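*Asks:* What follows is the file input_14.pdb, containing PDB, C-alpha atoms and all ligand atoms:
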ATOM      1  CA  MET A   1      35.190  31.332  26.322
ATOM      2  CA  ALA A   2      32.305  29.528  28.109
ATOM      3  CA  GLY A   3      30.750  32.952  28.732
ATOM      4  CA  TRP A   4      30.786  33.705  25.018
ATOM      5  CA  ILE A   5      29.063  30.438  24.220
ATOM      6  CA  ARG A   6      26.462  30.973  26.944
ATOM      7  CA  GLY A   7      25.836  34.504  25.722
ATOM      8  CA  GLY A   8      25.499  33.327  22.125
ATOM      9  CA  ALA A   9      23.033  30.630  23.140
ATOM     10  CA  ILE A  10      20.884  33.146  25.012
ATOM     11  CA  VAL A  11      20.838  35.516  22.008
ATOM     12  CA  LEU A  12      19.983  32.666  19.635
ATOM     13  CA  GLY A  13      17.248  31.361  21.945
ATOM     14  CA  GLY A  14      15.799  34.853  22.194
ATOM     15  CA  LEU A  15      15.808  35.221  18.394
ATOM     16  CA  VAL A  16      14.051  31.878  17.874
ATOM     17  CA  ALA A  17      11.400  32.812  20.441
ATOM     18  CA  LEU A  18      10.895  36.179  18.720
ATOM     19  CA  VAL A  19      10.482  34.628  15.265
ATOM     20  CA  LEU A  20       8.105  32.006  16.677
ATOM     21  CA  ALA A  21       6.007  34.643  18.429
ATOM     22  CA  ALA A  22       5.884  36.747  15.246
ATOM     23  CA  TRP A  23       4.889  33.697  13.186
ATOM     24  CA  LEU A  24       2.123  32.762  15.631
ATOM     25  CA  ALA A  25       0.871  36.348  15.594
ATOM     26  CA  VAL A  26       0.771  36.306  11.785
ATOM     27  CA  LEU A  27      -1.051  32.940  11.758
ATOM     28  CA  ASN A  28      -3.675  34.427  14.037
ATOM     29  CA  VAL A  29      -4.687  37.005  11.444
ATOM     30  CA  PRO A  30      -8.039  35.680  10.122
ATOM     31  CA  SER A  31      -7.562  36.960   6.574
ATOM     32  CA  LEU A  32      -4.202  35.221   6.363
ATOM     33  CA  GLN A  33      -5.704  31.994   7.682
ATOM     34  CA  ASP A  34      -8.407  32.212   5.016
ATOM     35  CA  ALA A  35      -5.827  32.809   2.283
ATOM     36  CA  LEU A  36      -3.766  29.796   3.405
ATOM     37  CA  MET A  37      -6.883  27.624   3.520
ATOM     38  CA  ASP A  38      -8.019  28.752   0.028
ATOM     39  CA  ARG A  39      -4.594  28.069  -1.367
ATOM     40  CA  ALA A  40      -4.447  24.573   0.106
ATOM     41  CA  VAL A  41      -7.940  23.725  -1.159
ATOM     42  CA  ARG A  42      -7.148  24.991  -4.676
ATOM     43  CA  ALA A  43      -3.948  22.937  -4.738
ATOM     44  CA  GLN A  44      -5.918  19.840  -3.725
ATOM     45  CA  LEU A  45      -8.626  20.418  -6.321
ATOM     46  CA  ASP A  46      -5.991  20.872  -9.020
ATOM     47  CA  LEU A  47      -4.612  17.396  -8.328
ATOM     48  CA  ASN A  48      -6.096  15.115 -10.942
ATOM     49  CA  ARG A  49      -4.695  12.062 -12.661
ATOM     50  CA  ALA A  50      -6.385  12.772 -15.994
ATOM     51  CA  ASP A  51      -2.933  12.107 -17.487
ATOM     52  CA  LEU A  52      -3.511   8.389 -16.898
ATOM     53  CA  PHE A  53      -6.205   8.570 -19.590
ATOM     54  CA  SER A  54      -4.411  10.788 -22.058
ATOM     55  CA  ASP A  55      -3.079   8.276 -24.574
ATOM     56  CA  ASP A  56      -3.766   4.845 -26.040
ATOM     57  CA  ALA A  57      -1.984   2.880 -23.329
ATOM     58  CA  LEU A  58      -3.463   0.011 -21.338
ATOM     59  CA  ARG A  59      -2.648   0.682 -17.677
ATOM     60  CA  VAL A  60      -2.999  -1.318 -14.473
ATOM     61  CA  LEU A  61      -3.402   0.118 -10.971
ATOM     62  CA  ILE A  62      -3.395  -2.228  -7.998
ATOM     63  CA  CYS A  63      -6.049  -0.557  -5.832
ATOM     64  CA  GLY A  64      -6.132  -3.376  -3.281
ATOM     65  CA  SER A  65      -3.893  -6.356  -2.589
ATOM     66  CA  SER A  66      -4.600  -7.480   0.962
ATOM     67  CA  SER A  67      -5.839 -10.877   2.072
ATOM     68  CA  PRO A  68      -9.052 -10.934   4.134
ATOM     69  CA  MET A  69      -6.865 -10.494   7.263
ATOM     70  CA  PRO A  70      -6.846  -6.967   8.771
ATOM     71  CA  ASP A  71      -4.257  -4.707   7.144
ATOM     72  CA  ARG A  72      -3.874  -0.990   7.854
ATOM     73  CA  THR A  73      -1.770  -0.315   4.792
ATOM     74  CA  ARG A  74      -3.623  -2.105   1.998
ATOM     75  CA  ALA A  75      -7.199  -2.332   0.778
ATOM     76  CA  LYS A  76      -8.734  -5.707  -0.043
ATOM     77  CA  SER A  77      -8.877  -7.090  -3.598
ATOM     78  CA  CYS A  78      -9.036  -4.531  -6.385
ATOM     79  CA  THR A  79      -7.331  -4.036  -9.746
ATOM     80  CA  ALA A  80      -8.124  -1.033 -11.937
ATOM     81  CA  ILE A  81      -7.592  -1.283 -15.685
ATOM     82  CA  ILE A  82      -7.372   1.976 -17.633
ATOM     83  CA  ALA A  83      -8.140   1.894 -21.356
ATOM     84  CA  GLY A  84      -9.870   4.071 -23.913
ATOM     85  CA  GLY A  85     -10.472   7.021 -21.598
ATOM     86  CA  LYS A  86     -12.161   4.977 -18.871
ATOM     87  CA  PHE A  87     -11.215   2.776 -15.946
ATOM     88  CA  TYR A  88     -12.622  -0.630 -15.085
ATOM     89  CA  LEU A  89     -12.462  -2.347 -11.717
ATOM     90  CA  VAL A  90     -11.805  -6.030 -11.218
ATOM     91  CA  ASP A  91     -13.269  -6.523  -7.727
ATOM     92  CA  THR A  92     -14.235  -3.918  -5.168
ATOM     93  CA  GLY A  93     -12.718  -5.094  -1.883
ATOM     94  CA  PRO A  94     -13.253  -3.011   1.270
ATOM     95  CA  GLU A  95     -11.350   0.297   1.372
ATOM     96  CA  MET A  96     -10.381   0.258  -2.299
ATOM     97  CA  TRP A  97     -12.386   3.404  -3.049
ATOM     98  CA  GLU A  98     -10.199   5.352  -0.617
ATOM     99  CA  ASN A  99      -7.247   4.554  -2.893
ATOM    100  CA  ILE A 100      -9.028   5.566  -6.095
ATOM    101  CA  MET A 101      -9.983   8.884  -4.504
ATOM    102  CA  THR A 102      -6.695   9.707  -2.793
ATOM    103  CA  TRP A 103      -4.800   8.821  -5.977
ATOM    104  CA  ARG A 104      -7.058  11.364  -7.741
ATOM    105  CA  VAL A 105      -8.404   8.994 -10.373
ATOM    106  CA  PRO A 106     -11.384  10.853 -11.908
ATOM    107  CA  ALA A 107     -14.302   8.857 -10.470
ATOM    108  CA  GLU A 108     -16.773   9.759 -13.195
ATOM    109  CA  ARG A 109     -14.622   7.923 -15.750
ATOM    110  CA  ILE A 110     -15.541   4.517 -14.367
ATOM    111  CA  GLY A 111     -16.572   2.247 -17.252
ATOM    112  CA  GLY A 112     -17.704  -0.863 -15.378
ATOM    113  CA  VAL A 113     -17.016  -3.379 -12.638
ATOM    114  CA  PHE A 114     -15.989  -7.004 -13.212
ATOM    115  CA  LEU A 115     -16.398  -9.230 -10.150
ATOM    116  CA  SER A 116     -14.234 -12.336 -10.023
ATOM    117  CA  HIS A 117     -16.508 -14.023  -7.451
ATOM    118  CA  PHE A 118     -18.650 -13.000  -4.506
ATOM    119  CA  HIS A 119     -16.444 -13.429  -1.427
ATOM    120  CA  SER A 120     -16.906 -10.344   0.755
ATOM    121  CA  ASP A 121     -13.286  -9.197   0.447
ATOM    122  CA  HIS A 122     -13.878  -8.887  -3.314
ATOM    123  CA  ILE A 123     -17.255  -7.121  -3.312
ATOM    124  CA  GLY A 124     -17.562  -5.205   0.000
ATOM    125  CA  GLU A 125     -17.022  -1.717  -1.456
ATOM    126  CA  LEU A 126     -19.441  -2.003  -4.396
ATOM    127  CA  GLY A 127     -22.037   0.277  -2.804
ATOM    128  CA  GLU A 128     -19.446   3.026  -2.216
ATOM    129  CA  VAL A 129     -18.096   2.702  -5.765
ATOM    130  CA  ASN A 130     -21.564   3.137  -7.210
ATOM    131  CA  MET A 131     -22.717   5.928  -4.931
ATOM    132  CA  ASN A 132     -19.523   7.994  -5.106
ATOM    133  CA  SER A 133     -18.956   7.729  -8.855
ATOM    134  CA  TRP A 134     -22.609   8.754  -9.392
ATOM    135  CA  ALA A 135     -22.258  11.743  -7.052
ATOM    136  CA  LEU A 136     -19.067  12.785  -8.826
ATOM    137  CA  GLY A 137     -20.679  12.834 -12.277
ATOM    138  CA  ARG A 138     -20.816   9.372 -13.818
ATOM    139  CA  PRO A 139     -22.849   9.840 -17.011
ATOM    140  CA  GLY A 140     -24.999   6.676 -16.746
ATOM    141  CA  PRO A 141     -25.771   3.463 -14.831
ATOM    142  CA  LEU A 142     -22.848   1.355 -13.599
ATOM    143  CA  LYS A 143     -22.587  -2.029 -15.298
ATOM    144  CA  VAL A 144     -21.498  -4.824 -12.945
ATOM    145  CA  PHE A 145     -20.331  -8.010 -14.656
ATOM    146  CA  GLY A 146     -19.950 -11.344 -12.884
ATOM    147  CA  GLY A 147     -21.033 -14.949 -12.895
ATOM    148  CA  PRO A 148     -24.623 -15.960 -12.206
ATOM    149  CA  GLY A 149     -25.482 -14.541  -8.788
ATOM    150  CA  VAL A 150     -24.269 -11.049  -9.666
ATOM    151  CA  GLU A 151     -27.948 -10.069  -9.920
ATOM    152  CA  ARG A 152     -28.418 -10.847  -6.208
ATOM    153  CA  VAL A 153     -25.269  -8.988  -5.229
ATOM    154  CA  VAL A 154     -26.310  -5.903  -7.202
ATOM    155  CA  ALA A 155     -29.895  -6.075  -5.912
ATOM    156  CA  GLY A 156     -28.650  -6.345  -2.321
ATOM    157  CA  PHE A 157     -26.310  -3.341  -2.532
ATOM    158  CA  THR A 158     -28.996  -1.379  -4.368
ATOM    159  CA  GLU A 159     -31.471  -2.038  -1.575
ATOM    160  CA  ALA A 160     -28.943  -1.236   1.148
ATOM    161  CA  TYR A 161     -28.208   2.142  -0.474
ATOM    162  CA  ALA A 162     -31.794   2.952  -1.557
ATOM    163  CA  LEU A 163     -32.502   5.403   1.272
ATOM    164  CA  ASP A 164     -29.122   7.091   0.886
ATOM    165  CA  SER A 165     -29.718   7.586  -2.851
ATOM    166  CA  SER A 166     -33.146   9.089  -2.200
ATOM    167  CA  TYR A 167     -31.705  11.529   0.373
ATOM    168  CA  ARG A 168     -29.092  12.724  -2.068
ATOM    169  CA  THR A 169     -31.496  13.289  -4.930
ATOM    170  CA  ALA A 170     -33.911  15.098  -2.594
ATOM    171  CA  HIS A 171     -31.107  17.255  -1.194
ATOM    172  CA  HIS A 172     -29.191  18.161  -4.366
ATOM    173  CA  GLY A 173     -31.942  17.891  -6.986
ATOM    174  CA  ALA A 174     -32.642  15.328  -9.689
ATOM    175  CA  GLU A 175     -30.785  17.342 -12.309
ATOM    176  CA  LEU A 176     -27.499  16.952 -10.445
ATOM    177  CA  LEU A 177     -28.174  13.502  -9.028
ATOM    178  CA  ASP A 178     -30.465  11.816 -11.506
ATOM    179  CA  PRO A 179     -31.581   8.467  -9.995
ATOM    180  CA  ALA A 180     -31.527   6.871 -13.469
ATOM    181  CA  LYS A 181     -27.757   7.460 -13.658
ATOM    182  CA  GLY A 182     -27.182   6.187 -10.126
ATOM    183  CA  ARG A 183     -28.421   2.696 -10.850
ATOM    184  CA  MET A 184     -26.303  -0.450 -11.144
ATOM    185  CA  GLU A 185     -27.011  -2.944 -13.909
ATOM    186  CA  ALA A 186     -26.162  -6.578 -13.242
ATOM    187  CA  MET A 187     -24.534  -8.187 -16.296
ATOM    188  CA  PRO A 188     -24.406 -11.963 -15.659
ATOM    189  CA  VAL A 189     -21.892 -13.937 -17.703
ATOM    190  CA  ARG A 190     -22.928 -17.555 -17.822
ATOM    191  CA  PHE A 191     -21.016 -20.694 -18.841
ATOM    192  CA  GLU A 192     -23.209 -23.632 -19.828
ATOM    193  CA  GLY A 193     -23.178 -26.651 -17.548
ATOM    194  CA  PRO A 194     -21.121 -27.272 -14.392
ATOM    195  CA  PRO A 195     -17.586 -25.834 -14.073
ATOM    196  CA  VAL A 196     -14.924 -27.635 -16.063
ATOM    197  CA  VAL A 197     -11.532 -27.434 -14.402
ATOM    198  CA  THR A 198      -9.496 -29.278 -16.974
ATOM    199  CA  ARG A 199     -10.039 -27.220 -20.085
ATOM    200  CA  ASN A 200     -10.107 -23.647 -21.106
ATOM    201  CA  ARG A 201     -13.524 -21.982 -21.099
ATOM    202  CA  THR A 202     -13.864 -18.338 -21.998
ATOM    203  CA  ILE A 203     -16.690 -15.966 -22.905
ATOM    204  CA  ARG A 204     -16.366 -12.554 -24.517
ATOM    205  CA  ALA A 205     -18.282 -10.420 -22.006
ATOM    206  CA  PHE A 206     -17.759  -6.804 -23.104
ATOM    207  CA  GLU A 207     -16.695  -4.878 -26.162
ATOM    208  CA  GLU A 208     -16.488  -1.089 -26.430
ATOM    209  CA  ASP A 209     -14.205   1.461 -28.108
ATOM    210  CA  GLY A 210     -11.578  -1.118 -28.996
ATOM    211  CA  LEU A 211     -11.545  -2.751 -25.548
ATOM    212  CA  THR A 212     -12.647  -6.348 -25.178
ATOM    213  CA  VAL A 213     -13.073  -8.095 -21.831
ATOM    214  CA  THR A 214     -13.193 -11.871 -21.606
ATOM    215  CA  ALA A 215     -14.356 -14.022 -18.694
ATOM    216  CA  ILE A 216     -12.158 -17.058 -18.005
ATOM    217  CA  GLU A 217     -13.448 -19.819 -15.772
ATOM    218  CA  VAL A 218     -11.043 -20.578 -12.904
ATOM    219  CA  SER A 219     -10.948 -22.984  -9.973
ATOM    220  CA  HIS A 220     -11.832 -21.593  -6.517
ATOM    221  CA  SER A 221     -13.888 -24.621  -5.498
ATOM    222  CA  PRO A 222     -16.245 -24.834  -3.636
ATOM    223  CA  ILE A 223     -16.894 -21.216  -4.668
ATOM    224  CA  GLU A 224     -18.659 -21.136  -8.011
ATOM    225  CA  PRO A 225     -18.726 -19.262 -10.242
ATOM    226  CA  ALA A 226     -15.182 -17.839 -10.137
ATOM    227  CA  TYR A 227     -13.698 -15.974 -13.091
ATOM    228  CA  ALA A 228     -10.460 -14.394 -14.167
ATOM    229  CA  TRP A 229     -10.828 -11.428 -16.536
ATOM    230  CA  ARG A 230      -8.737 -10.676 -19.593
ATOM    231  CA  PHE A 231      -8.582  -7.153 -21.051
ATOM    232  CA  ASP A 232      -7.384  -6.601 -24.632
ATOM    233  CA  TYR A 233      -6.868  -3.102 -25.984
ATOM    234  CA  LYS A 234      -4.977  -1.992 -29.083
ATOM    235  CA  GLY A 235      -2.595  -4.936 -29.106
ATOM    236  CA  ARG A 236      -1.971  -4.898 -25.328
ATOM    237  CA  SER A 237      -3.426  -7.295 -22.788
ATOM    238  CA  VAL A 238      -3.818  -7.826 -19.055
ATOM    239  CA  VAL A 239      -5.186 -10.864 -17.247
ATOM    240  CA  VAL A 240      -6.414 -10.620 -13.635
ATOM    241  CA  SER A 241      -6.793 -14.001 -11.961
ATOM    242  CA  GLY A 242      -9.241 -13.264  -9.149
ATOM    243  CA  ASP A 243      -9.031 -16.069  -6.592
ATOM    244  CA  THR A 244      -8.015 -19.443  -7.978
ATOM    245  CA  ALA A 245      -6.152 -22.589  -7.073
ATOM    246  CA  TYR A 246      -3.601 -23.823  -9.580
ATOM    247  CA  HIS A 247      -5.521 -23.888 -12.842
ATOM    248  CA  PRO A 248      -3.598 -24.913 -15.988
ATOM    249  CA  PRO A 249      -6.187 -23.539 -18.472
ATOM    250  CA  LEU A 250      -5.636 -20.034 -17.070
ATOM    251  CA  ALA A 251      -1.924 -20.389 -17.705
ATOM    252  CA  ALA A 252      -2.754 -21.197 -21.340
ATOM    253  CA  THR A 253      -5.075 -18.208 -21.723
ATOM    254  CA  ALA A 254      -2.656 -15.811 -20.037
ATOM    255  CA  LYS A 255       0.437 -17.093 -21.840
ATOM    256  CA  ASP A 256       0.886 -14.205 -24.259
ATOM    257  CA  ALA A 257      -0.589 -11.456 -22.100
ATOM    258  CA  ASP A 258       1.628  -8.445 -21.406
ATOM    259  CA  VAL A 259       0.736  -8.477 -17.705
ATOM    260  CA  LEU A 260      -0.698 -11.193 -15.458
ATOM    261  CA  VAL A 261      -1.991 -10.067 -12.065
ATOM    262  CA  HIS A 262      -2.242 -13.312 -10.102
ATOM    263  CA  GLU A 263      -3.179 -14.150  -6.536
ATOM    264  CA  ALA A 264      -0.766 -16.204  -4.405
ATOM    265  CA  GLN A 265      -0.742 -17.637  -0.914
ATOM    266  CA  SER A 266       2.048 -18.978   1.239
ATOM    267  CA  ASN A 267       0.571 -22.161   2.629
ATOM    268  CA  GLU A 268       3.671 -22.601   4.749
ATOM    269  CA  MET A 269       2.905 -19.337   6.557
ATOM    270  CA  VAL A 270      -0.784 -20.183   6.788
ATOM    271  CA  MET A 271       0.062 -23.506   8.436
ATOM    272  CA  ARG A 272       2.466 -21.825  10.866
ATOM    273  CA  ILE A 273      -0.306 -19.455  11.952
ATOM    274  CA  ARG A 274      -2.668 -22.430  12.153
ATOM    275  CA  ASN A 275      -0.275 -24.344  14.404
ATOM    276  CA  ALA A 276       0.133 -21.319  16.653
ATOM    277  CA  ALA A 277      -3.661 -20.986  16.790
ATOM    278  CA  ILE A 278      -3.965 -24.620  17.909
ATOM    279  CA  GLU A 279      -1.357 -24.048  20.634
ATOM    280  CA  ASN A 280      -3.321 -20.986  21.679
ATOM    281  CA  GLY A 281      -6.521 -22.991  21.987
ATOM    282  CA  ASN A 282      -8.150 -21.190  19.031
ATOM    283  CA  ALA A 283      -9.581 -24.204  17.208
ATOM    284  CA  ARG A 284     -11.975 -22.045  15.195
ATOM    285  CA  LEU A 285      -9.217 -19.997  13.547
ATOM    286  CA  ALA A 286      -7.132 -23.171  13.062
ATOM    287  CA  LYS A 287      -9.975 -24.852  11.154
ATOM    288  CA  ILE A 288     -10.530 -21.819   8.897
ATOM    289  CA  LEU A 289      -6.801 -21.602   8.137
ATOM    290  CA  SER A 290      -6.649 -25.325   7.288
ATOM    291  CA  ASP A 291      -9.595 -24.934   4.914
ATOM    292  CA  ILE A 292      -8.136 -22.011   2.935
ATOM    293  CA  THR A 293      -5.038 -23.909   1.840
ATOM    294  CA  THR A 294      -6.995 -25.754  -0.848
ATOM    295  CA  TYR A 295      -8.389 -22.965  -3.011
ATOM    296  CA  HIS A 296      -5.526 -20.506  -3.570
ATOM    297  CA  LEU A 297      -2.333 -20.712  -5.574
ATOM    298  CA  PRO A 298       0.592 -21.808  -3.360
ATOM    299  CA  HIS A 299       3.203 -19.064  -3.716
ATOM    300  CA  ASP A 300       5.955 -21.621  -4.291
ATOM    301  CA  SER A 301       4.089 -23.425  -7.081
ATOM    302  CA  HIS A 302       6.799 -22.416  -9.571
ATOM    303  CA  ARG A 303       9.052 -24.840  -7.651
ATOM    304  CA  GLY A 304       6.740 -27.679  -8.514
ATOM    305  CA  GLY A 305       4.535 -27.994  -5.416
ATOM    306  CA  ALA A 306       1.225 -27.079  -7.020
ATOM    307  CA  TYR A 307       1.985 -28.630 -10.370
ATOM    308  CA  ARG A 308       1.679 -32.119  -8.966
ATOM    309  CA  GLN A 309      -2.014 -31.625  -8.174
TER     310      GLN A 309
HETATM  311 ZN    ZN A 401      -9.900 -13.487  -1.978
HETATM  312 ZN    ZN A 402     -12.215 -15.985  -2.681
END
Any chance you could put this one into structure tokens?
Ligand SMILES: [Zn+2]
Ligand SMILES: [Zn+2]
*Replies:*
Amino acid sequence: MAGWIRGGAIVLGGLVALVLAAWLAVLNVPSLQDALMDRAVRAQLDLNRADLFSDDALRVLICGSSSPMPDRTRAKSCTAIIAGGKFYLVDTGPEMWENIMTWRVPAERIGGVFLSHFHSDHIGELGEVNMNSWALGRPGPLKVFGGPGVERVVAGFTEAYALDSSYRTAHHGAELLDPAKGRMEAMPVRFEGPPVVTRNRTIRAFEEDGLTVTAIEVSHSPIEPAYAWRFDYKGRSVVVSGDTAYHPPLAATAKDADVLVHEAQSNEMVMRIRNAAIENGNARLAKILSDITTYHLPHDSHRGGAYRQ
């Protein structure tokens, strides 16, 4: 009996080796390799999420949700709103463009960027967003909305990418990469006077093809300005908070929205990390962690913690 089994195993092993050798021989045929490559490339190029734009819906894609801490699996702050055949970005945190591209969102359909505030984890990818969407066929300049200061942010990224833009136009020709279409336009949205944290202040910032976007002042003190953005389209609405501490006026503005995308922070976890940092002799990290507990929304605020502020 054992002999039968051994014999069977040898025959089976021989067969597997034969099939493997044949397969490797076939893979080594250059024309077959080319055909496999062409097929894979065509399949990739066919992938396109144009369906996200095909009807009158208002859609939300979370293109980044990480804190400023390193995270291999998530990009930093980014929310994409799809409406009226275009998509709009609230914040452009580092690595978010990788998501937009790998999810096959048609880059040239970008309609504008709305920055909540100018912390680096909310703006770091702006240069890539502008350069890539231009290269992929954006039909005109990219409008970048934000509080006062957005002009400096846009001017800085523009300067940092100026040589790159000139290389691309020189290499591919001005017809394909027209510098006039590759520009960013800063669109400052300004509230009069100092920030008011106790009442609701909003400004209609953008209106196009049935979509309206409203800036809502929030409370991320000492960082000013800081805005949430509300999108209204064909009876649907989304509010994106940006970074904010507990801010009752935002709750009022977002009350009847279909979707509220809101930041949250577990101060309990932050303080645990802080305490460990102190034990580890890392006073610098401990100080930073203590400071950040004041300007985000405690995740347990629904239990009453934040509402006593
Ligand atoms: Zn943030
Ligand atoms: Zn922030």
*Asks:* Show me which residues sit within 9 Å of ligand ZN 402 (chain A) when counting only C-alpha atoms and all ligand atoms, and put them as a PyMOL selection string.
*Replies:* chain A and resi 116-122+220+223+226+242-244+295-296
*Asks:* Could you tell me which residues the PyMOL selection byres (((chain A and resi 219) around 12) and not hetatm) grabs in this file, written as a count of residues only?
*Replies:* 36
*Asks:* Looking at A:Asp56, A:Asp256, A:Asp71, A:Glu95, which one is nearest to Leu211 of chain A, with distances taken over only C-alpha atoms?
*Replies:*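 With only C-alpha atoms as the atom set, the closest residue is A:Asp56.
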*Asks:* For the structure provided, state which residues fall under the PyMOL selection byres (((chain A and resi 104) around 10) and not hetatm), and present them as a list in words.
*Replies:* Gln44, Leu45, Asp46, Leu47, Asn48, Arg49, Ala50, Glu98, Asn99, Ile100, Met101, Thr102, Trp103, Val105, Pro106 and Ala107 of chain A
*Asks:* Quick one: residues within 8 Å of segment 208-210 of chain A, all atoms listed in the file counted, chain neighbours fewer than 3 positions away excluded, as number ranges by chain?
*Replies:* A: 84, 233-234
*Asks:* Might you pull out every residue within 7 Å of Asn130 of chain A, with all atoms listed in the file counted and same-chain residues fewer than 4 positions away left off, and present them as a PyMOL selection string?
*Replies:* chain A and resi 126+134+142
*Asks:* At a cut-off of 10 Å, using all atoms listed in the file, what residues contact Ser165 of chain A? Leave out same-chain residues fewer than 5 positions from it and give the result as a PyMOL selection string.
*Replies:* chain A and resi 131+134-135+158-160+170-171+177-179+182-183
*Asks:* If you count all atoms listed in the file, which residues fall within 8 Å of Phe87 of chain A, apart from same-chain ones fewer than 4 positions away, as an NGL selection string?
*Replies:* :A and (80-83 or 109-112)
*Asks:* I'd like to see the residues matched by the PyMOL selection byres (((chain A and resi 260) around 10) and not hetatm) on this file, and ideally I'd get them as a list in words.
*Replies:* Arg230, Ser237, Val238, Val239, Val240, Ser241, Ala251, Ala254, Lys255, Asp256, Ala257, Asp258, Val259, Val261, His262 and Glu263 of chain A
*Asks:* Distance atom CA of Thr79 of chain A-atom CA of Phe114 of chain A, one decimal place?
*Replies:* 9.8 Å
*Asks:* Using atom CA of Gly127 of chain A and atom CA of Pro188 of chain A as the two end points, give the distance in Å to one decimal.
*Replies:*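 These two atoms are separated by 17.9 Å.
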*Asks:* Find the residue from A:Asn267, A:Arg168, A:Gly235, A:Arg6 that sits nearest to Ala57 of chain A; use all atoms listed in the file when measuring.
*Replies:*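 That would be A:Gly235, the residue with the smallest distance to Ala57 of chain A.
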*Asks:* Atom CA of Pro139 of chain A to atom CA of Ala174 of chain A: how many Å, to one decimal?
*Replies:*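 Separation of atom CA of Pro139 of chain A and atom CA of Ala174 of chain A: 13.4 Å.
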*Asks:* I'd like to know which of A:Gly146, A:Gly7, A:Gly124, A:Gly85 is closest to ligand ZN 401 (chain A), using all atoms listed in the file.
*Replies:*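 That would be A:Gly124, the residue with the smallest distance to ligand ZN 401 (chain A).
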*Asks:* May I ask which of the residues A:Ala205, A:Thr92, A:Ser31, A:Thr169 is the closest one to ligand ZN 401 (chain A), counting all atoms listed in the file?
*Replies:* A:Thr92
